[in-house]
>>> print(open('query_7.cif').read())   # mmCIF, C-alpha atoms (C1' of nucleotides)
data_input
loop_
_atom_site.label_atom_id
_atom_site.label_comp_id
_atom_site.auth_asym_id
_atom_site.auth_seq_id
_atom_site.Cartn_x
_atom_site.Cartn_y
_atom_site.Cartn_z
CA MET A 1 -4.19 27.33 3.60
CA LYS A 2 -4.63 23.85 4.97
CA HIS A 3 -5.85 22.60 1.61
CA ASN A 4 -2.58 23.21 -0.19
CA ARG A 5 -0.50 21.30 2.32
CA LYS A 6 -2.96 18.41 2.42
CA GLU A 7 -2.97 18.21 -1.36
CA GLU A 8 0.82 18.19 -1.34
CA ILE A 9 0.79 15.19 0.98
CA VAL A 10 -1.70 13.36 -1.20
CA ILE A 11 0.33 14.04 -4.33
CA VAL A 12 3.58 12.91 -2.76
CA ALA A 13 1.93 9.81 -1.31
CA ALA A 14 0.41 8.94 -4.67
CA LYS A 15 3.83 8.88 -6.26
CA LEU A 16 5.13 6.52 -3.60
CA PHE A 17 2.02 4.33 -3.72
CA LYS A 18 2.51 3.98 -7.45
CA GLU A 19 6.04 2.64 -6.98
CA LYS A 20 5.57 0.25 -4.07
CA GLY A 21 1.88 0.01 -3.33
CA TYR A 22 -0.12 1.39 -0.41
CA SER A 23 0.88 -1.21 2.16
CA ALA A 24 4.60 -0.96 1.49
CA VAL A 25 4.69 2.80 1.96
CA SER A 26 4.96 4.02 5.55
CA MET A 27 3.92 7.35 6.96
CA ARG A 28 7.60 7.92 7.64
CA ASP A 29 8.34 7.37 3.94
CA ILE A 30 5.80 10.00 2.99
CA ALA A 31 7.07 12.42 5.62
CA GLN A 32 10.67 11.98 4.57
CA GLN A 33 9.76 12.81 0.97
CA MET A 34 8.28 16.08 2.27
CA ASP A 35 11.23 16.83 4.56
CA ILE A 36 9.16 16.72 7.72
CA LYS A 37 8.58 14.15 10.48
CA ALA A 38 5.80 11.59 10.30
CA ALA A 39 3.90 13.05 13.24
CA SER A 40 3.65 16.37 11.46
CA LEU A 41 1.53 14.85 8.76
CA TYR A 42 -1.29 14.55 11.26
CA ASN A 43 -1.65 18.31 11.43
CA HIS A 44 -3.12 18.08 7.93
CA ILE A 45 -4.70 14.68 7.57
CA LYS A 46 -6.60 12.28 9.77
CA GLY A 47 -4.53 9.24 8.87
CA LYS A 48 -3.13 7.04 6.17
CA GLN A 49 -6.57 5.86 5.18
CA GLU A 50 -7.67 9.39 4.40
CA ILE A 51 -4.81 9.78 1.94
CA LEU A 52 -5.90 6.67 0.09
CA SER A 53 -9.58 7.51 0.00
CA SER A 54 -8.89 11.09 -1.11
CA LEU A 55 -6.85 9.73 -3.96
CA VAL A 56 -9.07 6.90 -5.07
CA LEU A 57 -12.55 8.31 -4.56
CA HIS A 58 -11.74 11.60 -6.20
CA VAL A 59 -10.62 10.08 -9.47
CA ALA A 60 -13.30 7.39 -9.31
CA ARG A 61 -15.90 10.15 -9.21
CA GLU A 62 -14.35 11.72 -12.28
CA PHE A 63 -14.71 8.50 -14.21
CA THR A 64 -18.27 7.96 -13.06
CA ASN A 65 -19.36 11.51 -13.90
CA SER A 66 -17.76 11.44 -17.34
CA THR A 67 -19.43 8.17 -18.24
CA GLN A 68 -22.78 9.41 -17.01
CA THR A 69 -22.43 12.51 -19.17
CA ILE A 70 -21.59 10.49 -22.24
CA THR A 71 -24.48 8.08 -21.85
CA SER A 72 -26.91 10.91 -21.16
CA GLN A 73 -26.02 12.72 -24.38
CA ASP A 74 -27.19 11.22 -27.64
CA GLY A 75 -24.97 9.56 -30.21
CA THR A 76 -24.44 6.16 -31.73
CA ALA A 77 -22.75 3.40 -29.74
CA LEU A 78 -19.56 3.86 -31.70
CA GLN A 79 -19.50 7.60 -31.16
CA ARG A 80 -20.02 7.05 -27.45
CA LEU A 81 -17.33 4.41 -27.30
CA LYS A 82 -14.86 6.70 -29.01
CA LYS A 83 -15.72 9.52 -26.63
CA LEU A 84 -15.35 7.14 -23.68
CA ILE A 85 -11.86 6.13 -24.77
CA GLU A 86 -10.82 9.74 -25.26
CA VAL A 87 -12.15 10.80 -21.88
CA HIS A 88 -10.40 7.88 -20.25
CA ILE A 89 -7.13 8.98 -21.81
CA ASP A 90 -7.63 12.56 -20.65
CA ILE A 91 -8.30 11.57 -17.05
CA THR A 92 -5.38 9.15 -17.05
CA LEU A 93 -2.91 11.75 -18.28
CA HIS A 94 -4.05 14.19 -15.60
CA HIS A 95 -4.07 11.73 -12.70
CA ALA A 96 -1.59 9.01 -13.57
CA ASP A 97 -0.43 8.42 -10.00
CA ALA A 98 -3.91 8.38 -8.49
CA ILE A 99 -4.98 5.82 -11.08
CA ALA A 100 -2.21 3.50 -9.97
CA ALA A 101 -3.76 3.51 -6.50
CA LEU A 102 -7.23 3.13 -7.97
CA ASN A 103 -6.14 0.06 -9.90
CA ASN A 104 -3.94 -1.62 -7.32
CA ASP A 105 -4.85 -0.39 -3.85
CA TRP A 106 -8.59 0.12 -3.83
CA MET A 107 -9.02 -3.04 -1.73
CA HIS A 108 -7.30 -1.32 1.18
CA LEU A 109 -10.11 1.19 1.48
CA ASP A 110 -12.19 0.96 4.65
CA GLY A 111 -15.87 0.70 5.46
CA GLN A 112 -18.14 3.04 3.53
CA ASP A 113 -15.31 4.24 1.30
CA LEU A 114 -14.82 0.71 0.04
CA LEU A 115 -18.53 0.25 -0.61
CA ASP A 116 -18.74 3.58 -2.40
CA PHE A 117 -15.81 2.71 -4.62
CA ILE A 118 -17.19 -0.68 -5.58
CA ALA A 119 -20.56 0.86 -6.38
CA MET A 120 -18.93 3.43 -8.65
CA ARG A 121 -16.74 0.86 -10.32
CA ASP A 122 -19.71 -1.42 -11.01
CA GLN A 123 -21.74 1.44 -12.36
CA TYR A 124 -18.91 2.48 -14.65
CA GLU A 125 -18.53 -1.02 -16.02
CA GLU A 126 -22.26 -1.36 -16.47
CA ASN A 127 -22.41 1.82 -18.51
CA PHE A 128 -19.52 0.60 -20.61
CA ARG A 129 -21.21 -2.76 -21.10
CA ASN A 130 -24.46 -1.16 -22.19
CA ILE A 131 -22.75 0.89 -24.85
CA ILE A 132 -21.20 -2.25 -26.30
CA LYS A 133 -24.48 -4.15 -26.18
CA GLN A 134 -26.19 -1.24 -27.86
CA GLY A 135 -23.54 -1.32 -30.58
CA ILE A 136 -24.11 -5.02 -31.16
CA GLN A 137 -27.87 -4.56 -31.36
CA THR A 138 -27.55 -1.81 -33.94
CA GLN A 139 -24.95 -3.93 -35.75
CA GLN A 140 -22.29 -1.25 -35.48
CA ILE A 141 -20.24 -3.72 -33.50
CA LYS A 142 -19.54 -7.35 -34.40
CA ALA A 143 -21.64 -9.89 -32.53
CA LYS A 144 -18.79 -11.12 -30.38
CA GLU A 145 -19.09 -12.02 -26.70
CA PRO A 146 -19.73 -8.58 -25.10
CA GLU A 147 -17.68 -9.46 -22.01
CA VAL A 148 -14.61 -10.16 -24.13
CA ILE A 149 -14.88 -6.82 -25.87
CA LEU A 150 -15.52 -5.01 -22.60
CA PHE A 151 -12.61 -6.72 -20.91
CA SER A 152 -10.24 -6.10 -23.76
CA ILE A 153 -10.88 -2.38 -24.08
CA LEU A 154 -11.13 -1.73 -20.37
CA SER A 155 -7.88 -3.56 -19.66
CA THR A 156 -6.06 -1.42 -22.14
CA LEU A 157 -7.49 1.79 -20.77
CA ARG A 158 -6.85 0.89 -17.16
CA THR A 159 -3.22 0.06 -17.80
CA LEU A 160 -2.62 3.21 -19.77
CA TYR A 161 -1.19 4.94 -16.71
CA LEU A 162 1.81 2.61 -16.88
CA TRP A 163 2.64 3.48 -20.47
CA ASN A 164 2.13 7.16 -20.09
CA GLU A 165 5.79 7.67 -19.18
CA LYS A 166 7.14 5.70 -22.10
CA ARG A 167 4.78 7.56 -24.39
CA GLY A 168 7.25 10.42 -24.38
CA LYS A 169 7.17 12.04 -27.75
CA LEU A 170 3.70 10.84 -28.72
CA GLU A 171 1.28 13.79 -28.81
CA VAL A 172 -1.93 13.39 -26.84
CA ASN A 173 -4.15 13.77 -29.87
CA VAL A 174 -2.06 11.29 -31.82
CA LEU A 175 -2.30 8.84 -28.95
CA LYS A 176 -6.07 9.24 -28.85
CA LYS A 177 -6.40 8.72 -32.57
CA GLU A 178 -4.11 5.69 -32.69
CA LEU A 179 -5.63 4.04 -29.63
CA VAL A 180 -9.19 4.55 -30.81
CA ALA A 181 -8.21 3.07 -34.16
CA VAL A 182 -6.47 0.04 -32.66
CA LEU A 183 -9.20 -0.71 -30.14
CA ILE A 184 -12.05 -0.32 -32.58
CA SER A 185 -10.69 -1.28 -35.98
CA GLY A 186 -8.01 -3.75 -34.92
CA ILE A 187 -4.56 -3.98 -36.37
CA VAL A 188 -5.00 -5.74 -39.70
CA MET B 1 8.16 -34.98 0.86
CA LYS B 2 9.34 -31.48 1.59
CA HIS B 3 8.49 -30.39 -1.91
CA ASN B 4 4.78 -30.94 -1.55
CA ARG B 5 4.50 -28.91 1.61
CA LYS B 6 6.53 -26.06 0.19
CA GLU B 7 4.39 -25.97 -2.91
CA GLU B 8 1.29 -25.88 -0.71
CA ILE B 9 2.64 -22.83 1.06
CA VAL B 10 3.43 -21.09 -2.21
CA ILE B 11 -0.05 -21.83 -3.58
CA VAL B 12 -1.80 -20.61 -0.46
CA ALA B 13 0.37 -17.51 -0.33
CA ALA B 14 -0.33 -16.76 -3.99
CA LYS B 15 -4.05 -16.69 -3.32
CA LEU B 16 -3.57 -14.23 -0.46
CA PHE B 17 -1.12 -12.10 -2.43
CA LYS B 18 -3.68 -11.85 -5.20
CA GLU B 19 -6.30 -10.46 -2.83
CA LYS B 20 -4.26 -7.97 -0.81
CA GLY B 21 -0.81 -7.77 -2.33
CA TYR B 22 2.51 -9.09 -1.05
CA SER B 23 3.16 -6.38 1.54
CA ALA B 24 -0.27 -6.59 3.13
CA VAL B 25 -0.05 -10.36 3.69
CA SER B 26 1.82 -11.45 6.81
CA MET B 27 3.50 -14.76 7.47
CA ARG B 28 0.87 -15.25 10.16
CA ASP B 29 -1.87 -14.80 7.56
CA ILE B 30 -0.34 -17.50 5.41
CA ALA B 31 0.15 -19.82 8.36
CA GLN B 32 -3.40 -19.35 9.57
CA GLN B 33 -4.73 -20.28 6.14
CA MET B 34 -2.78 -23.55 6.43
CA ASP B 35 -3.88 -24.19 10.04
CA ILE B 36 -0.36 -24.00 11.42
CA LYS B 37 1.68 -21.37 13.24
CA ALA B 38 3.87 -18.86 11.43
CA ALA B 39 7.11 -20.28 12.80
CA SER B 40 6.29 -23.68 11.30
CA LEU B 41 6.48 -22.24 7.82
CA TYR B 42 10.23 -21.93 8.26
CA ASN B 43 10.61 -25.70 8.32
CA HIS B 44 9.84 -25.59 4.59
CA ILE B 45 10.90 -22.21 3.28
CA LYS B 46 13.72 -19.78 3.91
CA GLY B 47 11.51 -16.74 4.25
CA LYS B 48 8.79 -14.58 2.78
CA GLN B 49 11.03 -13.48 -0.05
CA GLU B 50 11.50 -17.04 -1.21
CA ILE B 51 7.76 -17.47 -1.56
CA LEU B 52 7.56 -14.43 -3.78
CA SER B 53 10.51 -15.32 -5.96
CA SER B 54 9.33 -18.92 -6.37
CA LEU B 55 6.00 -17.62 -7.55
CA VAL B 56 7.16 -14.86 -9.83
CA LEU B 57 10.30 -16.28 -11.39
CA HIS B 58 8.73 -19.63 -12.16
CA VAL B 59 5.91 -18.19 -14.22
CA ALA B 60 8.17 -15.52 -15.72
CA ARG B 61 10.36 -18.31 -17.05
CA GLU B 62 7.34 -19.96 -18.61
CA PHE B 63 6.49 -16.81 -20.49
CA THR B 64 10.04 -16.29 -21.64
CA ASN B 65 10.46 -19.87 -22.83
CA SER B 66 7.17 -19.88 -24.71
CA THR B 67 7.99 -16.67 -26.50
CA GLN B 68 11.44 -17.91 -27.42
CA THR B 69 9.93 -21.08 -28.86
CA ILE B 70 7.45 -19.15 -30.95
CA THR B 71 10.00 -16.75 -32.39
CA SER B 72 12.42 -19.60 -33.14
CA GLN B 73 9.84 -21.49 -35.18
CA ASP B 74 8.90 -20.12 -38.55
CA GLY B 75 5.59 -18.52 -39.42
CA THR B 76 4.24 -15.15 -40.46
CA ALA B 77 4.00 -12.31 -37.97
CA LEU B 78 0.26 -12.79 -37.70
CA GLN B 79 0.58 -16.52 -37.09
CA ARG B 80 3.13 -15.85 -34.40
CA LEU B 81 1.00 -13.18 -32.82
CA LYS B 82 -1.97 -15.49 -32.72
CA LYS B 83 0.13 -18.22 -31.17
CA LEU B 84 1.51 -15.77 -28.63
CA ILE B 85 -1.98 -14.75 -27.54
CA GLU B 86 -3.06 -18.36 -27.21
CA VAL B 87 -0.02 -19.33 -25.19
CA HIS B 88 -0.53 -16.34 -22.95
CA ILE B 89 -4.10 -17.44 -22.30
CA ASP B 90 -2.98 -20.99 -21.51
CA ILE B 91 -0.36 -19.89 -19.00
CA THR B 92 -2.78 -17.44 -17.41
CA LEU B 93 -5.47 -20.03 -16.88
CA HIS B 94 -2.97 -22.41 -15.27
CA HIS B 95 -1.28 -19.85 -13.00
CA ALA B 96 -3.84 -17.13 -12.38
CA ASP B 97 -2.73 -16.41 -8.82
CA ALA B 98 0.98 -16.37 -9.60
CA ILE B 99 0.35 -13.91 -12.41
CA ALA B 100 -1.29 -11.52 -9.99
CA ALA B 101 1.98 -11.45 -8.06
CA LEU B 102 3.96 -11.15 -11.28
CA ASN B 103 1.92 -8.12 -12.31
CA ASN B 104 1.60 -6.34 -9.00
CA ASP B 105 4.36 -7.46 -6.64
CA TRP B 106 7.45 -8.01 -8.77
CA MET B 107 8.97 -4.80 -7.41
CA HIS B 108 9.26 -6.41 -3.99
CA LEU B 109 11.75 -8.94 -5.28
CA ASP B 110 15.27 -8.66 -3.92
CA GLY B 111 18.75 -8.43 -5.38
CA GLN B 112 19.50 -10.83 -8.20
CA ASP B 113 15.91 -12.07 -8.33
CA LEU B 114 14.75 -8.57 -9.19
CA LEU B 115 17.40 -8.18 -11.90
CA ASP B 116 16.56 -11.57 -13.37
CA PHE B 117 12.89 -10.73 -13.50
CA ILE B 118 13.42 -7.39 -15.19
CA ALA B 119 15.70 -8.99 -17.75
CA MET B 120 13.10 -11.63 -18.58
CA ARG B 121 10.33 -9.08 -18.76
CA ASP B 122 12.32 -6.86 -21.10
CA GLN B 123 13.22 -9.78 -23.29
CA TYR B 124 9.59 -10.86 -23.48
CA GLU B 125 8.48 -7.39 -24.48
CA GLU B 126 11.25 -7.11 -27.03
CA ASN B 127 10.21 -10.37 -28.68
CA PHE B 128 6.62 -9.17 -28.75
CA ARG B 129 7.69 -5.85 -30.23
CA ASN B 130 9.72 -7.51 -32.95
CA ILE B 131 6.80 -9.64 -34.07
CA ILE B 132 4.68 -6.53 -34.43
CA LYS B 133 7.39 -4.67 -36.32
CA GLN B 134 7.85 -7.65 -38.58
CA GLY B 135 4.11 -7.63 -39.26
CA ILE B 136 4.19 -3.96 -40.16
CA GLN B 137 7.15 -4.47 -42.52
CA THR B 138 5.42 -7.30 -44.34
CA GLN B 139 2.25 -5.21 -44.37
CA GLN B 140 0.26 -7.84 -42.52
CA ILE B 141 -0.30 -5.28 -39.79
CA LYS B 142 -1.43 -1.69 -40.25
CA ALA B 143 1.33 0.87 -40.04
CA LYS B 144 0.24 2.24 -36.68
CA GLU B 145 2.61 3.24 -33.91
CA PRO B 146 4.11 -0.14 -32.84
CA GLU B 147 4.21 0.87 -29.17
CA VAL B 148 0.48 1.53 -29.13
CA ILE B 149 -0.27 -1.88 -30.60
CA LEU B 150 2.15 -3.59 -28.25
CA PHE B 151 0.76 -1.78 -25.23
CA SER B 152 -2.82 -2.47 -26.17
CA ILE B 153 -2.46 -6.21 -26.69
CA LEU B 154 -0.10 -6.73 -23.79
CA SER B 155 -2.36 -4.86 -21.39
CA THR B 156 -5.26 -7.06 -22.28
CA LEU B 157 -3.26 -10.24 -21.89
CA ARG B 158 -1.71 -9.20 -18.60
CA THR B 159 -5.04 -8.34 -17.07
CA LEU B 160 -6.65 -11.56 -18.20
CA TYR B 161 -6.03 -13.17 -14.83
CA LEU B 162 -8.59 -10.80 -13.33
CA TRP B 163 -11.33 -11.80 -15.73
CA ASN B 164 -10.66 -15.47 -15.58
CA GLU B 165 -13.11 -15.89 -12.72
CA LYS B 166 -15.94 -13.99 -14.37
CA ARG B 167 -15.32 -15.95 -17.53
CA GLY B 168 -17.30 -18.80 -16.01
CA LYS B 169 -19.17 -20.56 -18.76
CA LEU B 170 -16.91 -19.41 -21.58
CA GLU B 171 -14.96 -22.37 -22.97
CA VAL B 172 -11.21 -21.97 -23.23
CA ASN B 173 -11.15 -22.46 -26.98
CA VAL B 174 -13.99 -20.02 -27.43
CA LEU B 175 -12.16 -17.49 -25.32
CA LYS B 176 -9.04 -17.92 -27.41
CA LYS B 177 -10.90 -17.53 -30.66
CA GLU B 178 -12.86 -14.49 -29.53
CA LEU B 179 -9.90 -12.75 -27.97
CA VAL B 180 -7.67 -13.34 -30.97
CA ALA B 181 -10.40 -11.95 -33.19
CA VAL B 182 -11.00 -8.88 -31.05
CA LEU B 183 -7.32 -8.07 -30.60
CA ILE B 184 -6.39 -8.58 -34.24
CA SER B 185 -9.48 -7.71 -36.25
CA GLY B 186 -11.09 -5.19 -33.91
CA ILE B 187 -14.75 -4.96 -33.11
CA VAL B 188 -16.33 -3.32 -36.13
"C1'" DC C 1 3.48 44.80 19.87
"C1'" DA C 2 0.41 41.24 22.05
"C1'" DG C 3 -2.46 37.31 21.08
"C1'" DT C 4 -3.58 33.47 18.51
"C1'" DT C 5 -3.35 30.14 15.18
"C1'" DT C 6 -0.57 27.08 12.14
"C1'" DA C 7 2.63 23.69 11.60
"C1'" DA C 8 6.58 21.90 12.84
"C1'" DC C 9 8.99 19.15 16.56
"C1'" DT C 10 10.41 15.16 20.30
"C1'" DA C 11 9.09 11.21 22.60
"C1'" DA C 12 6.61 7.51 23.16
"C1'" DC C 13 2.60 4.05 22.85
"C1'" DA C 14 0.69 -0.52 21.63
"C1'" DA C 15 0.43 -3.49 17.82
"C1'" DT C 16 2.33 -6.08 14.38
"C1'" DC C 17 6.11 -7.47 11.45
"C1'" DG C 18 9.62 -11.31 9.81
"C1'" DT C 19 12.37 -14.37 11.94
"C1'" DT C 20 15.13 -17.43 15.35
"C1'" DA C 21 15.90 -20.75 19.15
"C1'" DG C 22 14.68 -24.46 21.55
"C1'" DT C 23 11.20 -28.02 22.48
"C1'" DT C 24 7.57 -31.35 21.67
"C1'" DT C 25 4.70 -34.12 18.80
"C1'" DT C 26 3.99 -37.00 14.78
"C1'" DG C 27 5.06 -40.38 11.40
"C1'" DT C 28 8.08 -43.87 9.44
"C1'" DA C 29 11.59 -47.57 9.01
"C1'" DA C 30 14.38 -51.18 11.22
"C1'" DT D 1 9.24 -51.29 20.02
"C1'" DT D 2 12.99 -48.43 19.48
"C1'" DA D 3 15.43 -44.80 16.82
"C1'" DC D 4 15.32 -41.14 13.98
"C1'" DA D 5 13.74 -37.59 11.07
"C1'" DA D 6 10.09 -34.42 9.77
"C1'" DA D 7 7.14 -30.98 11.11
"C1'" DA D 8 4.62 -29.01 14.34
"C1'" DC D 9 4.76 -26.16 18.65
"C1'" DT D 10 5.81 -22.04 22.40
"C1'" DA D 11 8.21 -18.03 23.38
"C1'" DA D 12 10.56 -14.39 22.33
"C1'" DC D 13 13.76 -11.01 19.69
"C1'" DG D 14 14.47 -6.48 17.58
"C1'" DA D 15 12.59 -3.63 14.10
"C1'" DT D 16 8.95 -1.14 12.15
"C1'" DT D 17 4.14 0.18 11.89
"C1'" DG D 18 0.28 3.98 12.45
"C1'" DT D 19 -0.81 7.09 15.70
"C1'" DT D 20 -1.19 10.25 20.01
"C1'" DA D 21 0.34 13.66 23.52
"C1'" DG D 22 2.59 17.47 24.68
"C1'" DT D 23 5.75 21.19 23.28
"C1'" DT D 24 8.01 24.80 20.57
"C1'" DA D 25 8.92 27.94 16.83
"C1'" DA D 26 7.06 30.65 13.12
"C1'" DA D 27 3.53 33.32 10.97
"C1'" DC D 28 -0.49 35.83 10.65
"C1'" DT D 29 -4.26 39.13 13.02
"C1'" DG D 30 -5.94 42.64 16.06
#
>>> encode(input="query_7.cif", output="structure tokens")
Amino acid sequence: MKHNRKEEIVIVAAKLFKEKGYSAVSMRDIAQQMDIKAASLYNHIKGKQEILSSLVLHVAREFTNSTQTITSQDGTALQRLKKLIEVHIDITLHHADAIAALNNDWMHLDGQDLLDFIAMRDQYEENFRNIIKQGIQTQQIKAKEPEVILFSILSTLRTLYLWNEKRGKLEVNVLKKELVAVLISGIV
Amino acid sequence: MKHNRKEEIVIVAAKLFKEKGYSAVSMRDIAQQMDIKAASLYNHIKGKQEILSSLVLHVAREFTNSTQTITSQDGTALQRLKKLIEVHIDITLHHADAIAALNNDWMHLDGQDLLDFIAMRDQYEENFRNIIKQGIQTQQIKAKEPEVILFSILSTLRTLYLWNEKRGKLEVNVLKKELVAVLISGIV
DNA sequence: CAGTTTAACTAACAATCGTTAGTTTTGTAA
DNA sequence: TTACAAAACTAACGATTGTTAGTTAAACTG
């Protein structure tokens, strides 16, 4: 099956991208990690760009779909926000390496892929922003600057992939509970 | 003065590094942005590595020194935490581009520079961690998992450089006040 | 077993990389 | 104006980059 081998390449590449970034990883680096020669990679993929766009767009779509689902179902702003945080944690734990590329290497996407990514990212943020605004309107959330709240929560969620390793003993459900509590109720 | 020209190079390079990352920016890119040829850069700097280490180590030292100062002065954990957030905001607003490199390109440092950076980063995190633990002991801070609190606040602060541009109208002191409130007291 | 596809290989390409050497221009001080 | 230093230039280097062409060995399919 071609698919398996291609997926292997993407997974291996993601690990390397996470450590050094897209530009600092050569096709020969990726090949070496798979115990083949660089030219052999091209039996399975079109080029380096395809590896990146496979990685980034796939996980970007997951985020976009999840957010759409949450905002289409009913629930208070706070319930939605909690769900959003939990979903973000789930996706991060399943695709830690891909999320590194999504965070740090998206700007190396080309042409339509780049436009698609930016559109998805903007839509995701807009959904997030609307939930917060809704929460402020219904007075579930303090009337702080919405952008500060959005930025604060989103920063934490986006960097979660880095802390996933250190997490170690912390159970997923405990992590969810603690993080939801800290982000929503603060620390005092 | 040699110093001025070298600083110009570092500033220009920082802006490019922020957009595409250290590895994706060539010496020719930097030179072009300064309207000179790449070879001319070497009249002022030793090489590409020196640009990176100037950028990263300088601002890393600022963070380390500020944290040391805060922990050496007396004050409750919460007062220290507040001060730490404010100082972090100040440094970020003054060195937004350098912080991009510090966050994303530190792994491309070489030899002793890399070791020095890691040591400073670890020390910074350890100081931060101790303040939080102190706060939990004195019951100023909720008895949540310290690592989750540390990770959450630090993620937000480290990503602040990205939101600095969008901040736009938001006054520095307003930003400080809002962010301190959100990070410490939560949003409900 | 024969025929065909899959996936590896070697070799090489044009482009670009960081950097060096040697030279010329520019600016300043006597 | 002459002398010197600073800072630009041209040209080129060896290494590495992503990628292609052509070939060979292994693995299915009839």
>>> resolve_selection(input="query_7.cif", expression="the PyMOL selection byres ((chain A) within 8 of (chain C))", output="PyMOL selection string")
chain A and resi 36-37+40+43
>>> resolve_selection(input="query_7.cif", expression="the PyMOL selection byres ((chain B) within 10 of (chain A))", output="PyMOL selection string")
chain B and resi 19-25+78+104-108+132+135-136+139-145+147-149+151-160+162-163+166-167+170+174-175+178-179+181-188
>>> resolve_selection(input="query_7.cif", expression="the PyMOL selection byres ((chain D and resi 17) around 10)", output="short mmCIF file (atom, residue, chain, number, x, y, z; two decimals) with C-alpha atoms (C1' of nucleotides), keeping the file's coordinate frame")
data_model
loop_
_atom_site.label_atom_id
_atom_site.label_comp_id
_atom_site.auth_asym_id
_atom_site.auth_seq_id
_atom_site.Cartn_x
_atom_site.Cartn_y
_atom_site.Cartn_z
CA SER A 26 4.96 4.02 5.55
CA MET A 27 3.92 7.35 6.96
CA ARG A 28 7.60 7.92 7.64
"C1'" DA C 15 0.43 -3.49 17.82
"C1'" DT C 16 2.33 -6.08 14.38
"C1'" DC C 17 6.11 -7.47 11.45
"C1'" DA D 15 12.59 -3.63 14.10
"C1'" DT D 16 8.95 -1.14 12.15
"C1'" DG D 18 0.28 3.98 12.45
"C1'" DT D 19 -0.81 7.09 15.70
#
>>> interface_residues(input="query_7.cif", of="chain D", to="chain B", cutoff="10 Å", atoms="all atoms listed in the file", output="number ranges by chain")
D: 6-10
>>> residues_around(input="query_7.cif", residues="Ile131 (chain A)", least_positions_apart="2", cutoff="9 Å", atoms="all atoms listed in the file", output="PDB file with C-alpha atoms, in the coordinates of the input")
ATOM      1  CA  THR A  71     -24.480   8.080 -21.850  1.00  0.00           C
ATOM      2  CA  THR A  76     -24.440   6.160 -31.730  1.00  0.00           C
ATOM      3  CA  ALA A  77     -22.750   3.400 -29.740  1.00  0.00           C
ATOM      4  CA  LEU A  78     -19.560   3.860 -31.700  1.00  0.00           C
ATOM      5  CA  ARG A  80     -20.020   7.050 -27.450  1.00  0.00           C
ATOM      6  CA  LEU A  81     -17.330   4.410 -27.300  1.00  0.00           C
ATOM      7  CA  GLU A 126     -22.260  -1.360 -16.470  1.00  0.00           C
ATOM      8  CA  ASN A 127     -22.410   1.820 -18.510  1.00  0.00           C
ATOM      9  CA  PHE A 128     -19.520   0.600 -20.610  1.00  0.00           C
ATOM     10  CA  ARG A 129     -21.210  -2.760 -21.100  1.00  0.00           C
ATOM     11  CA  LYS A 133     -24.480  -4.150 -26.180  1.00  0.00           C
ATOM     12  CA  GLN A 134     -26.190  -1.240 -27.860  1.00  0.00           C
ATOM     13  CA  GLY A 135     -23.540  -1.320 -30.580  1.00  0.00           C
ATOM     14  CA  ILE A 136     -24.110  -5.020 -31.160  1.00  0.00           C
TER      15      ILE A 136
END
>>> atom_distance(input="query_7.cif", atom1="CA of Ser66 (chain A)", atom2="CA of Glu8 (chain A)")
25.4 Å
>>> closest_residue(input="query_7.cif", among="A:Ala38, A:Ala100, A:Ala60, A:Ala14", to="Asp113 (chain A)", atoms="all atoms listed in the file")
A:Ala60
>>> build_atoms(input="query_7.cif", residues="region 147-153 of chain A", atoms="N, CA, C and O atoms", output="PDB file, in the frame of the given file")
ATOM      1  N   GLU A 147     -18.630  -9.504 -23.135  1.00  0.00           N
ATOM      2  CA  GLU A 147     -17.680  -9.460 -22.010  1.00  0.00           C
ATOM      3  C   GLU A 147     -16.234  -9.453 -22.497  1.00  0.00           C
ATOM      4  O   GLU A 147     -15.372  -8.835 -21.868  1.00  0.00           O
ATOM      5  N   VAL A 148     -15.971 -10.136 -23.591  1.00  0.00           N
ATOM      6  CA  VAL A 148     -14.610 -10.160 -24.130  1.00  0.00           C
ATOM      7  C   VAL A 148     -14.215  -8.788 -24.666  1.00  0.00           C
ATOM      8  O   VAL A 148     -13.101  -8.308 -24.427  1.00  0.00           O
ATOM      9  N   ILE A 149     -15.141  -8.163 -25.343  1.00  0.00           N
ATOM     10  CA  ILE A 149     -14.880  -6.820 -25.870  1.00  0.00           C
ATOM     11  C   ILE A 149     -14.692  -5.831 -24.721  1.00  0.00           C
ATOM     12  O   ILE A 149     -13.731  -5.055 -24.695  1.00  0.00           O
ATOM     13  N   LEU A 150     -15.605  -5.900 -23.760  1.00  0.00           N
ATOM     14  CA  LEU A 150     -15.520  -5.010 -22.600  1.00  0.00           C
ATOM     15  C   LEU A 150     -14.190  -5.183 -21.894  1.00  0.00           C
ATOM     16  O   LEU A 150     -13.485  -4.208 -21.601  1.00  0.00           O
ATOM     17  N   PHE A 151     -13.847  -6.424 -21.619  1.00  0.00           N
ATOM     18  CA  PHE A 151     -12.610  -6.720 -20.910  1.00  0.00           C
ATOM     19  C   PHE A 151     -11.387  -6.240 -21.669  1.00  0.00           C
ATOM     20  O   PHE A 151     -10.468  -5.643 -21.092  1.00  0.00           O
ATOM     21  N   SER A 152     -11.388  -6.461 -22.945  1.00  0.00           N
ATOM     22  CA  SER A 152     -10.240  -6.100 -23.760  1.00  0.00           C
ATOM     23  C   SER A 152      -9.988  -4.593 -23.765  1.00  0.00           C
ATOM     24  O   SER A 152      -8.878  -4.116 -23.526  1.00  0.00           O
ATOM     25  N   ILE A 153     -11.030  -3.839 -24.018  1.00  0.00           N
ATOM     26  CA  ILE A 153     -10.880  -2.380 -24.080  1.00  0.00           C
ATOM     27  C   ILE A 153     -10.566  -1.800 -22.710  1.00  0.00           C
ATOM     28  O   ILE A 153      -9.672  -0.975 -22.542  1.00  0.00           O
TER      29      ILE A 153
END
